[in-house]
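Below is the file model34.tsv, which contains TSV, C-alpha atoms.
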chain	number	residue	atom	x	y	z
A	18	MET	CA	45.01	40.41	-87.29
A	19	LYS	CA	44.65	43.13	-84.66
A	20	ALA	CA	42.54	46.27	-84.33
A	21	LYS	CA	42.51	49.35	-82.11
A	22	ALA	CA	40.23	50.33	-79.28
A	23	ALA	CA	40.03	53.37	-77.01
A	24	VAL	CA	39.93	52.07	-73.46
A	25	TYR	CA	38.46	54.05	-70.56
A	26	VAL	CA	40.77	53.68	-67.55
A	27	GLY	CA	39.22	56.09	-65.06
A	28	ALA	CA	37.47	59.40	-64.54
A	29	ASN	CA	39.30	62.37	-66.03
A	30	GLN	CA	42.10	60.10	-67.29
A	31	PRO	CA	43.11	60.00	-70.96
A	32	PHE	CA	41.78	57.02	-72.89
A	33	GLU	CA	44.42	54.44	-73.71
A	34	ILE	CA	44.71	53.21	-77.27
A	35	ARG	CA	45.23	49.46	-77.19
A	36	GLU	CA	45.41	46.77	-79.85
A	37	TYR	CA	43.63	43.45	-79.49
A	38	PRO	CA	43.43	40.38	-81.73
A	39	LEU	CA	40.30	39.77	-83.76
A	40	THR	CA	38.60	36.46	-83.09
A	41	ALA	CA	35.69	34.57	-84.58
A	42	PRO	CA	32.37	35.46	-82.90
A	43	GLN	CA	30.74	32.89	-80.65
A	44	LYS	CA	27.26	31.64	-81.50
A	45	GLY	CA	24.66	34.30	-80.85
A	46	TYR	CA	27.14	37.10	-81.56
A	47	ALA	CA	28.24	38.99	-84.66
A	48	LYS	CA	31.59	40.56	-85.46
A	49	MET	CA	31.24	44.07	-86.88
A	50	SER	CA	33.68	46.57	-88.34
A	51	LEU	CA	33.22	50.20	-87.36
A	52	ILE	CA	31.40	52.64	-89.61
A	53	ALA	CA	30.87	55.33	-86.96
A	54	SER	CA	30.28	55.45	-83.23
A	55	GLY	CA	28.93	58.48	-81.42
A	56	VAL	CA	30.21	60.20	-78.31
A	57	CYS	CA	27.14	60.45	-76.10
A	58	GLY	CA	26.54	62.87	-73.25
A	59	THR	CA	26.42	59.79	-71.04
A	60	ASP	CA	30.01	58.95	-72.02
A	61	ILE	CA	31.07	62.47	-71.09
A	62	HIS	CA	29.33	62.12	-67.71
A	63	ILE	CA	31.25	58.86	-67.20
A	64	HIS	CA	34.55	60.44	-68.16
A	65	ASN	CA	33.88	63.42	-65.89
A	66	GLY	CA	33.23	61.08	-62.98
A	67	ASN	CA	29.54	62.00	-62.66
A	68	LEU	CA	28.38	58.45	-63.40
A	69	SER	CA	29.87	55.45	-61.67
A	70	PHE	CA	31.91	53.27	-63.98
A	71	ALA	CA	34.57	51.03	-62.47
A	72	GLY	CA	37.55	49.39	-64.11
A	73	SER	CA	39.04	49.51	-67.58
A	74	GLN	CA	36.34	49.17	-70.24
A	75	ILE	CA	35.55	50.10	-73.79
A	76	ILE	CA	32.68	52.48	-73.23
A	77	GLY	CA	30.45	53.93	-75.92
A	78	HIS	CA	27.06	52.60	-76.95
A	79	GLU	CA	26.29	54.22	-80.30
A	80	PHE	CA	28.09	51.74	-82.52
A	81	VAL	CA	27.05	51.54	-86.16
A	82	GLY	CA	29.01	48.92	-88.05
A	83	ARG	CA	29.03	46.42	-90.87
A	84	ILE	CA	28.65	42.73	-90.11
A	85	GLU	CA	31.77	40.79	-91.08
A	86	GLU	CA	31.05	37.45	-89.46
A	87	ILE	CA	27.79	35.85	-88.32
A	88	SER	CA	26.76	32.20	-88.08
A	89	GLU	CA	24.34	30.87	-90.67
A	90	SER	CA	21.79	29.93	-88.00
A	91	ASP	CA	21.91	33.39	-86.39
A	92	ALA	CA	21.67	35.05	-89.79
A	93	ASN	CA	18.59	33.01	-90.67
A	94	GLN	CA	16.95	33.53	-87.28
A	95	TYR	CA	17.35	37.32	-87.23
A	96	GLY	CA	17.21	38.14	-90.93
A	97	LEU	CA	20.76	39.49	-91.08
A	98	GLN	CA	23.81	38.65	-93.17
A	99	ALA	CA	27.44	39.58	-93.61
A	100	GLY	CA	27.67	42.98	-95.29
A	101	ASP	CA	24.63	44.45	-93.56
A	102	ALA	CA	25.02	47.81	-91.83
A	103	VAL	CA	23.54	47.65	-88.34
A	104	ILE	CA	22.98	49.68	-85.20
A	105	SER	CA	24.08	47.83	-82.08
A	106	ASP	CA	21.68	48.43	-79.20
A	107	ILE	CA	23.35	48.48	-75.79
A	108	ALA	CA	20.37	47.42	-73.66
A	109	CYS	CA	19.70	43.87	-72.49
A	110	PRO	CA	16.44	43.89	-70.47
A	111	CYS	CA	15.77	40.87	-68.28
A	112	GLY	CA	12.30	40.12	-69.68
A	113	GLU	CA	11.10	39.00	-66.25
A	114	CYS	CA	10.67	42.06	-63.98
A	115	LEU	CA	7.37	43.91	-63.60
A	116	LEU	CA	8.35	46.56	-66.15
A	117	CYS	CA	9.38	44.02	-68.77
A	118	ARG	CA	6.25	41.96	-68.22
A	119	THR	CA	4.04	45.01	-68.72
A	120	GLY	CA	5.62	46.16	-71.98
A	121	ASP	CA	8.05	48.71	-70.54
A	122	ASP	CA	11.39	46.99	-71.01
A	123	ALA	CA	13.10	50.36	-71.55
A	124	ASN	CA	12.84	50.76	-67.79
A	125	CYS	CA	13.85	47.23	-66.82
A	126	VAL	CA	15.07	47.19	-63.21
A	127	ASN	CA	17.61	44.44	-63.97
A	128	MET	CA	19.01	46.00	-67.14
A	129	LYS	CA	22.32	44.67	-68.40
A	130	VAL	CA	24.47	46.16	-71.16
A	131	THR	CA	26.52	44.87	-74.06
A	132	ASN	CA	29.58	47.04	-73.37
A	133	GLY	CA	30.44	45.82	-69.88
A	134	GLY	CA	32.99	43.15	-70.80
A	135	ASN	CA	36.66	43.08	-69.87
A	136	PRO	CA	38.69	44.26	-72.88
A	137	GLU	CA	41.58	42.03	-71.82
A	138	GLU	CA	39.44	38.94	-72.44
A	139	ALA	CA	38.28	37.72	-75.85
A	140	PRO	CA	36.50	38.93	-77.84
A	141	HIS	CA	37.95	42.16	-76.38
A	142	PHE	CA	35.79	44.60	-78.40
A	143	HIS	CA	32.61	44.98	-76.36
A	144	GLY	CA	31.67	48.66	-76.57
A	145	GLY	CA	31.46	51.47	-79.08
A	146	TYR	CA	34.98	52.88	-79.06
A	147	GLY	CA	36.80	50.31	-81.14
A	148	GLU	CA	37.50	49.60	-84.78
A	149	TYR	CA	35.45	46.44	-84.26
A	150	SER	CA	32.68	45.36	-81.93
A	151	TYR	CA	31.11	42.04	-80.95
A	152	ALA	CA	27.48	42.15	-79.86
A	153	PRO	CA	24.51	39.81	-79.47
A	154	VAL	CA	22.78	39.32	-82.80
A	155	GLU	CA	19.43	39.90	-81.10
A	156	ASN	CA	20.61	43.46	-80.29
A	157	LEU	CA	21.31	44.40	-83.91
A	158	ILE	CA	18.97	46.53	-86.00
A	159	ARG	CA	19.57	46.51	-89.74
A	160	VAL	CA	20.05	49.86	-91.48
A	161	PRO	CA	18.30	49.72	-94.89
A	162	GLU	CA	20.47	50.23	-97.96
A	163	SER	CA	18.55	53.43	-98.71
A	164	VAL	CA	19.82	55.00	-95.45
A	165	ASN	CA	23.39	56.27	-95.19
A	166	PRO	CA	24.79	54.36	-92.18
A	167	LYS	CA	27.00	57.27	-91.17
A	168	ALA	CA	23.91	59.49	-91.06
A	169	ALA	CA	22.19	56.82	-88.97
A	170	ALA	CA	25.13	56.98	-86.54
A	171	VAL	CA	24.64	60.70	-85.85
A	172	PHE	CA	21.47	60.11	-83.86
A	173	ALA	CA	21.83	56.39	-83.10
A	174	CYS	CA	21.19	57.09	-79.39
A	175	PRO	CA	19.67	60.63	-79.39
A	176	GLY	CA	17.04	59.60	-81.96
A	177	PRO	CA	15.61	56.63	-80.05
A	178	THR	CA	15.96	58.61	-76.80
A	179	ALA	CA	13.77	61.40	-78.15
A	180	ILE	CA	11.34	59.04	-79.88
A	181	HIS	CA	10.80	57.11	-76.64
A	182	ALA	CA	10.18	60.36	-74.74
A	183	PHE	CA	7.70	61.53	-77.37
A	184	SER	CA	5.89	58.19	-77.16
A	185	LEU	CA	5.45	58.83	-73.44
A	186	ALA	CA	3.95	62.23	-74.28
A	187	GLU	CA	1.45	60.49	-76.55
A	188	GLN	CA	0.52	58.19	-73.68
A	189	ALA	CA	-0.07	61.31	-71.58
A	190	ASN	CA	-2.57	62.49	-74.22
A	191	CYS	CA	-0.21	65.11	-75.65
A	192	HIS	CA	-0.46	64.37	-79.36
A	193	LEU	CA	2.30	65.94	-81.43
A	194	LYS	CA	0.12	66.22	-84.51
A	195	THR	CA	-2.24	68.56	-82.64
A	196	ALA	CA	0.38	70.47	-80.62
A	197	LYS	CA	0.67	74.13	-81.58
A	198	VAL	CA	3.67	75.22	-79.52
A	199	ALA	CA	6.61	73.05	-78.47
A	200	VAL	CA	9.76	74.23	-76.71
A	201	VAL	CA	13.13	72.47	-76.90
A	202	GLN	CA	15.68	73.34	-74.24
A	203	GLY	CA	19.23	72.66	-75.41
A	204	PHE	CA	20.87	72.28	-78.82
A	205	GLY	CA	22.97	69.18	-78.35
A	206	PRO	CA	22.32	65.91	-80.19
A	207	VAL	CA	19.06	65.08	-78.38
A	208	GLY	CA	17.73	68.61	-78.77
A	209	SER	CA	18.74	68.67	-82.44
A	210	PHE	CA	16.84	65.48	-83.17
A	211	ALA	CA	13.84	66.75	-81.23
A	212	LEU	CA	13.70	69.78	-83.52
A	213	LEU	CA	13.65	67.82	-86.75
A	214	TYR	CA	11.19	65.26	-85.35
A	215	LEU	CA	8.76	67.96	-84.20
A	216	ALA	CA	9.09	69.64	-87.60
A	217	LYS	CA	8.17	66.41	-89.37
A	218	MET	CA	5.15	66.14	-87.05
A	219	ARG	CA	4.17	69.60	-88.38
A	220	VAL	CA	4.09	71.33	-85.00
A	221	GLN	CA	3.27	74.95	-85.82
A	222	LYS	CA	5.71	76.70	-83.49
A	223	ILE	CA	8.97	75.02	-82.47
A	224	VAL	CA	10.91	77.18	-80.06
A	225	LEU	CA	14.58	76.48	-79.32
A	226	ILE	CA	16.13	77.86	-76.14
A	227	ALA	CA	19.87	77.36	-75.77
A	228	GLY	CA	22.89	78.91	-74.11
A	229	THR	CA	25.27	79.57	-76.99
A	230	MET	CA	23.79	80.23	-80.41
A	231	ASP	CA	26.22	81.73	-82.89
A	232	GLU	CA	25.18	82.38	-86.48
A	233	LYS	CA	26.25	78.93	-87.67
A	234	LYS	CA	24.25	77.19	-84.97
A	235	ARG	CA	21.24	79.41	-85.63
A	236	ALA	CA	21.32	78.49	-89.31
A	237	LEU	CA	21.51	74.79	-88.45
A	238	ALA	CA	18.66	75.06	-85.95
A	239	TYR	CA	16.42	76.77	-88.49
A	240	GLN	CA	17.37	74.12	-91.05
A	241	LEU	CA	16.33	71.39	-88.61
A	242	GLY	CA	12.94	72.96	-88.01
A	243	ALA	CA	13.12	75.63	-85.31
A	244	THR	CA	10.71	78.51	-85.98
A	245	ASP	CA	11.96	80.72	-83.14
A	246	ILE	CA	15.35	80.74	-81.40
A	247	TYR	CA	16.39	82.30	-78.11
A	248	ASP	CA	19.92	82.61	-76.76
A	249	LEU	CA	19.98	82.74	-72.97
A	250	ARG	CA	23.02	85.03	-73.12
A	251	ASP	CA	20.92	87.73	-74.81
A	252	ASP	CA	17.25	86.96	-74.24
A	253	TYR	CA	15.65	87.38	-70.82
A	254	GLU	CA	13.36	84.66	-69.50
A	255	CYS	CA	10.49	87.14	-69.11
A	256	VAL	CA	10.76	88.07	-72.79
A	257	ILE	CA	10.80	84.42	-73.85
A	258	LYS	CA	7.72	83.70	-71.73
A	259	LYS	CA	5.89	86.74	-73.13
A	260	ASP	CA	6.61	85.65	-76.69
A	261	ILE	CA	5.49	82.05	-76.04
A	262	LEU	CA	2.25	83.30	-74.49
A	263	ALA	CA	1.68	85.41	-77.61
A	264	MET	CA	2.21	82.35	-79.82
A	265	SER	CA	-0.27	80.28	-77.83
A	266	GLU	CA	-3.24	82.58	-77.30
A	267	GLY	CA	-2.04	83.35	-73.80
A	268	LEU	CA	-1.89	79.71	-72.70
A	269	GLY	CA	1.74	78.60	-72.82
A	270	ALA	CA	3.53	75.73	-74.53
A	271	ASP	CA	1.78	72.41	-75.08
A	272	LEU	CA	5.07	70.59	-74.67
A	273	VAL	CA	8.53	71.37	-73.31
A	274	PHE	CA	11.38	68.98	-74.10
A	275	GLU	CA	14.38	69.29	-71.77
A	276	ALA	CA	17.59	68.31	-73.57
A	277	SER	CA	20.15	70.69	-72.09
A	278	GLY	CA	21.21	68.68	-69.05
A	279	ASN	CA	21.36	71.92	-67.07
A	280	PRO	CA	19.29	71.70	-63.85
A	281	ALA	CA	18.61	75.44	-64.12
A	282	ALA	CA	16.45	74.70	-67.18
A	283	ILE	CA	13.80	72.92	-65.09
A	284	PRO	CA	12.12	75.90	-63.36
A	285	MET	CA	11.97	77.74	-66.67
A	286	GLY	CA	10.48	74.74	-68.46
A	287	ILE	CA	7.76	74.40	-65.83
A	288	ASP	CA	6.97	78.10	-66.10
A	289	LEU	CA	6.58	78.02	-69.89
A	290	LEU	CA	3.97	75.25	-69.95
A	291	ARG	CA	0.25	75.74	-70.34
A	292	ASN	CA	-2.31	74.15	-68.04
A	293	ARG	CA	-2.17	70.37	-68.56
A	294	GLY	CA	1.07	70.83	-70.47
A	295	VAL	CA	3.62	68.03	-70.72
A	296	TYR	CA	7.24	68.37	-69.62
A	297	LEU	CA	9.51	65.66	-71.05
A	298	VAL	CA	12.81	65.35	-69.19
A	299	PRO	CA	15.31	63.03	-70.93
A	300	GLY	CA	18.21	65.46	-70.54
A	301	GLN	CA	19.04	65.31	-66.83
A	302	TYR	CA	21.30	62.26	-66.93
A	303	SER	CA	23.67	62.83	-64.02
A	304	ASN	CA	23.75	64.51	-60.65
A	305	SER	CA	24.64	68.07	-61.61
A	306	GLY	CA	23.26	69.66	-58.45
A	307	GLY	CA	19.87	70.60	-57.10
A	308	ILE	CA	17.50	73.43	-57.98
A	309	GLU	CA	14.59	75.29	-56.44
A	310	ILE	CA	11.24	74.93	-58.16
A	311	GLN	CA	7.78	76.32	-57.47
A	312	PRO	CA	5.80	73.11	-56.82
A	313	GLN	CA	2.48	74.94	-56.69
A	314	LEU	CA	2.79	75.48	-60.44
A	315	ILE	CA	2.64	71.71	-60.91
A	316	THR	CA	-0.56	71.65	-58.86
A	317	PHE	CA	-2.38	74.69	-60.21
A	318	LYS	CA	-1.40	74.04	-63.83
A	319	ALA	CA	-2.06	70.30	-63.46
A	320	LEU	CA	1.21	69.60	-65.23
A	321	GLN	CA	2.43	66.24	-66.46
A	322	ILE	CA	6.17	65.87	-65.84
A	323	ILE	CA	7.63	62.76	-67.40
A	324	GLY	CA	11.14	61.44	-67.01
A	325	SER	CA	12.61	59.28	-69.76
A	326	SER	CA	16.10	57.86	-69.38
A	327	GLN	CA	16.25	54.83	-71.68
A	328	TYR	CA	14.83	53.44	-74.89
A	329	SER	CA	14.07	50.01	-76.30
A	330	MET	CA	14.69	48.09	-79.52
A	331	VAL	CA	11.26	49.25	-80.66
A	332	ASP	CA	12.43	52.86	-80.50
A	333	VAL	CA	15.60	52.10	-82.46
A	334	ARG	CA	13.50	50.49	-85.19
A	335	LYS	CA	11.20	53.53	-85.21
A	336	TYR	CA	14.27	55.72	-85.58
A	337	VAL	CA	15.53	53.75	-88.58
A	338	GLU	CA	12.05	53.87	-90.12
A	339	PHE	CA	11.98	57.64	-89.56
A	340	LEU	CA	15.25	58.05	-91.48
A	341	GLU	CA	14.02	55.78	-94.25
A	342	LYS	CA	10.81	57.81	-94.67
A	343	ASN	CA	12.64	61.15	-94.61
A	344	PRO	CA	15.65	60.91	-96.96
A	345	ASP	CA	15.58	64.70	-97.36
A	346	LEU	CA	17.08	64.97	-93.85
A	347	GLU	CA	20.35	63.18	-94.69
A	348	GLU	CA	22.38	66.22	-95.72
A	349	ALA	CA	21.33	68.25	-92.68
A	350	ILE	CA	22.01	65.35	-90.32
A	351	LEU	CA	25.48	64.74	-91.72
A	352	SER	CA	26.30	68.44	-91.41
A	353	LEU	CA	25.94	68.14	-87.63
A	354	ALA	CA	28.70	65.55	-87.27
A	355	THR	CA	32.42	65.99	-86.70
A	356	ALA	CA	34.41	62.77	-87.12
A	357	TYR	CA	37.65	61.63	-85.44
A	358	ARG	CA	39.58	58.42	-85.77
A	359	VAL	CA	39.48	56.03	-82.82
A	360	GLU	CA	43.10	56.84	-81.92
A	361	ASP	CA	42.15	60.53	-81.68
A	362	VAL	CA	39.52	59.86	-79.00
A	363	ASN	CA	41.09	62.20	-76.45
A	364	GLN	CA	40.89	65.14	-78.84
A	365	ALA	CA	37.33	64.12	-79.69
A	366	PHE	CA	36.37	64.21	-76.01
A	367	ALA	CA	38.12	67.52	-75.42
A	368	ASP	CA	36.23	69.11	-78.32
A	369	ALA	CA	32.93	67.55	-77.25
A	370	LYS	CA	33.35	68.85	-73.71
A	371	ALA	CA	34.19	72.30	-75.06
A	372	ARG	CA	30.95	72.14	-77.11
A	373	LYS	CA	32.85	72.69	-80.34
A	374	ASN	CA	30.74	70.02	-82.05
A	375	ILE	CA	27.03	69.36	-82.11
A	376	LYS	CA	27.71	65.65	-82.63
A	377	THR	CA	31.06	63.91	-82.25
A	378	LEU	CA	31.72	60.61	-84.04
A	379	LEU	CA	34.57	58.12	-83.96
A	380	THR	CA	35.43	56.37	-87.23
A	381	LYS	CA	38.19	54.14	-88.58

As structure tokens - that is how I would like this structure written.
Amino acid sequence: MKAKAAVYVGANQPFEIREYPLTAPQKGYAKMSLIASGVCGTDIHIHNGNLSFAGSQIIGHEFVGRIEEISESDANQYGLQAGDAVISDIACPCGECLLCRTGDDANCVNMKVTNGGNPEEAPHFHGGYGEYSYAPVENLIRVPESVNPKAAAVFACPGPTAIHAFSLAEQANCHLKTAKVAVVQGFGPVGSFALLYLAKMRVQKIVLIAGTMDEKKRALAYQLGATDIYDLRDDYECVIKKDILAMSEGLGADLVFEASGNPAAIPMGIDLLRNRGVYLVPGQYSNSGGIEIQPQLITFKALQIIGSSQYSMVDVRKYVEFLEKNPDLEEAILSLATAYRVEDVNQAFADAKARKNIKTLLTK
């Protein structure tokens, strides 16, 4: 029996659809059939040539699938079984570096990944863009039966990414449950999840700033939890700042969450923060050029600027728990997704790059 995979062959080159035989998983691995796999901004950076990625590989790291084969010993050890829906986590921290030893394995300096294998060698299906995937059992997180696995796939990476960033804000003494004004820059997948997460934390004012907000997107953003929306095509930065000062008793935002990936967002984000405000920056994930900032604002406002590029298994579990505790979000989450079959990957990427979709998924 064979299955299809979309193989990355180089920057700005069309993906090749190839068929590979399905094999039995080796010990320590599970064989999973695809439910849905997300197209991440990181994958677009890779395809655009902004992130180094050599050779032919099956990229993608947001694979949600159903276990078809797993050894009895692995099933018993990890509490999984054939038929379970799971999220496959890409990250393999070393467990030995300073970061790993001090509880920060999301920033492991020797990080390896599950999708780096050669697709021409068994078991062939290493990454997210295939009808099947083989991954270490220790990297699988079970999706409870009460959670729609396709809904879980929508934010399988953006959710843990945002949750990890918010946990860093908590460590910086910016507690979401006491925050009055939060700003989200960007309305892609990470920004979308940030909105609904902040809403569930009952932040009083959740301000979305984005570049293209038509009526459909506005309606979705309000549904996810935004209280105020600004479109940079129509709203001047000085007006946005004035309004945020009015919301915050003249102080500024407690928290700004950068999810646009546009370097030009950074000076604005710094300017909108209050004294001792926290700027979370998970969105700048490739070299898209430099910017000029006013560094004295960091000094005089005593700002806390926190980068956050990865997440850990802990964050994926928190994400699944979040979905389980908030079943009312399922319909809204599913409405954000546009699905394509694996063999239509090139159209999926074209539409994702054109920002036609909020979230792009590949399915069987």

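Considering the residues A:Pro136, A:Gly242, A:Pro110, A:Gly147 and counting only C-alpha atoms, A:Met218 has its shortest atom-to-atom contact with A:Gly242.
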
Set up a box along x, y and z of the file covering all listed atoms of stretch 53-66 of chain A, add 6 Å on every one of the six sides, and write the centre and edge lengths in Å to one decimal, as lines of an AutoDock Vina configuration file.
center_x = 30.5
center_y = 59.4
center_z = -75.0
size_x = 20.1
size_y = 20.1
size_z = 36.0

Pick out the residues sitting within 12 Å of stretch 245-261 of chain A, and hand them over as a PDB file with C-alpha atoms, keeping the file's coordinate frame; count all atoms listed in the file, and ignore anything fewer than 6 positions along from it in its own chain.
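Contents of selection11.pdb, freshly written:
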ATOM      1  CA  LYS A 197       0.670  74.130 -81.580  1.00  0.00           C
ATOM      2  CA  VAL A 198       3.670  75.220 -79.520  1.00  0.00           C
ATOM      3  CA  ALA A 199       6.610  73.050 -78.470  1.00  0.00           C
ATOM      4  CA  VAL A 200       9.760  74.230 -76.710  1.00  0.00           C
ATOM      5  CA  VAL A 201      13.130  72.470 -76.900  1.00  0.00           C
ATOM      6  CA  GLN A 202      15.680  73.340 -74.240  1.00  0.00           C
ATOM      7  CA  GLY A 203      19.230  72.660 -75.410  1.00  0.00           C
ATOM      8  CA  PHE A 204      20.870  72.280 -78.820  1.00  0.00           C
ATOM      9  CA  LEU A 212      13.700  69.780 -83.520  1.00  0.00           C
ATOM     10  CA  GLN A 221       3.270  74.950 -85.820  1.00  0.00           C
ATOM     11  CA  LYS A 222       5.710  76.700 -83.490  1.00  0.00           C
ATOM     12  CA  ILE A 223       8.970  75.020 -82.470  1.00  0.00           C
ATOM     13  CA  VAL A 224      10.910  77.180 -80.060  1.00  0.00           C
ATOM     14  CA  LEU A 225      14.580  76.480 -79.320  1.00  0.00           C
ATOM     15  CA  ILE A 226      16.130  77.860 -76.140  1.00  0.00           C
ATOM     16  CA  ALA A 227      19.870  77.360 -75.770  1.00  0.00           C
ATOM     17  CA  GLY A 228      22.890  78.910 -74.110  1.00  0.00           C
ATOM     18  CA  THR A 229      25.270  79.570 -76.990  1.00  0.00           C
ATOM     19  CA  MET A 230      23.790  80.230 -80.410  1.00  0.00           C
ATOM     20  CA  ASP A 231      26.220  81.730 -82.890  1.00  0.00           C
ATOM     21  CA  GLU A 232      25.180  82.380 -86.480  1.00  0.00           C
ATOM     22  CA  LYS A 234      24.250  77.190 -84.970  1.00  0.00           C
ATOM     23  CA  ARG A 235      21.240  79.410 -85.630  1.00  0.00           C
ATOM     24  CA  ALA A 236      21.320  78.490 -89.310  1.00  0.00           C
ATOM     25  CA  LEU A 237      21.510  74.790 -88.450  1.00  0.00           C
ATOM     26  CA  ALA A 238      18.660  75.060 -85.950  1.00  0.00           C
ATOM     27  CA  TYR A 239      16.420  76.770 -88.490  1.00  0.00           C
ATOM     28  CA  GLY A 267      -2.040  83.350 -73.800  1.00  0.00           C
ATOM     29  CA  LEU A 268      -1.890  79.710 -72.700  1.00  0.00           C
ATOM     30  CA  GLY A 269       1.740  78.600 -72.820  1.00  0.00           C
ATOM     31  CA  ALA A 270       3.530  75.730 -74.530  1.00  0.00           C
ATOM     32  CA  ASP A 271       1.780  72.410 -75.080  1.00  0.00           C
ATOM     33  CA  LEU A 272       5.070  70.590 -74.670  1.00  0.00           C
ATOM     34  CA  VAL A 273       8.530  71.370 -73.310  1.00  0.00           C
ATOM     35  CA  ALA A 281      18.610  75.440 -64.120  1.00  0.00           C
ATOM     36  CA  ALA A 282      16.450  74.700 -67.180  1.00  0.00           C
ATOM     37  CA  PRO A 284      12.120  75.900 -63.360  1.00  0.00           C
ATOM     38  CA  MET A 285      11.970  77.740 -66.670  1.00  0.00           C
ATOM     39  CA  GLY A 286      10.480  74.740 -68.460  1.00  0.00           C
ATOM     40  CA  ILE A 287       7.760  74.400 -65.830  1.00  0.00           C
ATOM     41  CA  ASP A 288       6.970  78.100 -66.100  1.00  0.00           C
ATOM     42  CA  LEU A 289       6.580  78.020 -69.890  1.00  0.00           C
ATOM     43  CA  LEU A 290       3.970  75.250 -69.950  1.00  0.00           C
ATOM     44  CA  ARG A 291       0.250  75.740 -70.340  1.00  0.00           C
TER      45      ARG A 291
END

- Kindly indicate which residue among A:Tyr151, A:Tyr357, A:Phe32, A:Phe142 lies nearest to A:Lys376, using all atoms listed in the file for the distances.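 Closest residue, counting all atoms listed in the file: A:Tyr357.
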
- From the list A:Cys109, A:Ala182, A:Ile323, A:Leu378, which residue is nearest A:Glu79 when using all atoms listed in the file?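 Of A:Cys109, A:Ala182, A:Ile323, A:Leu378, the one nearest A:Glu79 is A:Leu378, counting all atoms listed in the file.
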
Complete stretch 240-251 of chain A at the level of N, CA, C and O atoms, written as an mmCIF file, in the coordinates of the input.
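What ended up in part28.cif:
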data_model
loop_
_atom_site.group_PDB
_atom_site.id
_atom_site.type_symbol
_atom_site.label_atom_id
_atom_site.label_comp_id
_atom_site.auth_asym_id
_atom_site.auth_seq_id
_atom_site.Cartn_x
_atom_site.Cartn_y
_atom_site.Cartn_z
ATOM 1 N N GLN A 240 17.398 75.178 -90.039
ATOM 2 C CA GLN A 240 17.370 74.120 -91.050
ATOM 3 C C GLN A 240 16.701 72.856 -90.504
ATOM 4 O O GLN A 240 15.992 72.151 -91.231
ATOM 5 N N LEU A 241 16.914 72.580 -89.215
ATOM 6 C CA LEU A 241 16.330 71.390 -88.610
ATOM 7 C C LEU A 241 14.851 71.548 -88.260
ATOM 8 O O LEU A 241 14.180 70.551 -87.997
ATOM 9 N N GLY A 242 14.365 72.792 -88.232
ATOM 10 C CA GLY A 242 12.940 72.960 -88.010
ATOM 11 C C GLY A 242 12.535 73.992 -86.982
ATOM 12 O O GLY A 242 11.337 74.242 -86.792
ATOM 13 N N ALA A 243 13.483 74.600 -86.284
ATOM 14 C CA ALA A 243 13.120 75.630 -85.310
ATOM 15 C C ALA A 243 12.446 76.794 -86.028
ATOM 16 O O ALA A 243 12.886 77.234 -87.093
ATOM 17 N N THR A 244 11.365 77.316 -85.436
ATOM 18 C CA THR A 244 10.710 78.510 -85.980
ATOM 19 C C THR A 244 11.136 79.766 -85.237
ATOM 20 O O THR A 244 11.090 80.869 -85.787
ATOM 21 N N ASP A 245 11.535 79.600 -83.969
ATOM 22 C CA ASP A 245 11.960 80.720 -83.140
ATOM 23 C C ASP A 245 13.133 80.256 -82.276
ATOM 24 O O ASP A 245 13.100 79.142 -81.740
ATOM 25 N N ILE A 246 14.147 81.105 -82.140
ATOM 26 C CA ILE A 246 15.350 80.740 -81.400
ATOM 27 C C ILE A 246 15.683 81.812 -80.379
ATOM 28 O O ILE A 246 15.668 83.017 -80.702
ATOM 29 N N TYR A 247 15.995 81.374 -79.177
ATOM 30 C CA TYR A 247 16.390 82.300 -78.110
ATOM 31 C C TYR A 247 17.735 81.858 -77.538
ATOM 32 O O TYR A 247 17.947 80.678 -77.261
ATOM 33 N N ASP A 248 18.604 82.836 -77.357
ATOM 34 C CA ASP A 248 19.920 82.610 -76.760
ATOM 35 C C ASP A 248 19.881 83.177 -75.352
ATOM 36 O O ASP A 248 19.641 84.380 -75.158
ATOM 37 N N LEU A 249 20.104 82.319 -74.362
ATOM 38 C CA LEU A 249 19.980 82.740 -72.970
ATOM 39 C C LEU A 249 21.022 83.786 -72.578
ATOM 40 O O LEU A 249 20.897 84.420 -71.525
ATOM 41 N N ARG A 250 22.049 83.966 -73.400
ATOM 42 C CA ARG A 250 23.020 85.030 -73.120
ATOM 43 C C ARG A 250 22.429 86.398 -73.419
ATOM 44 O O ARG A 250 22.857 87.407 -72.839
ATOM 45 N N ASP A 251 21.452 86.443 -74.336
ATOM 46 C CA ASP A 251 20.920 87.730 -74.810
ATOM 47 C C ASP A 251 19.451 87.935 -74.494
ATOM 48 O O ASP A 251 18.999 89.080 -74.385
#
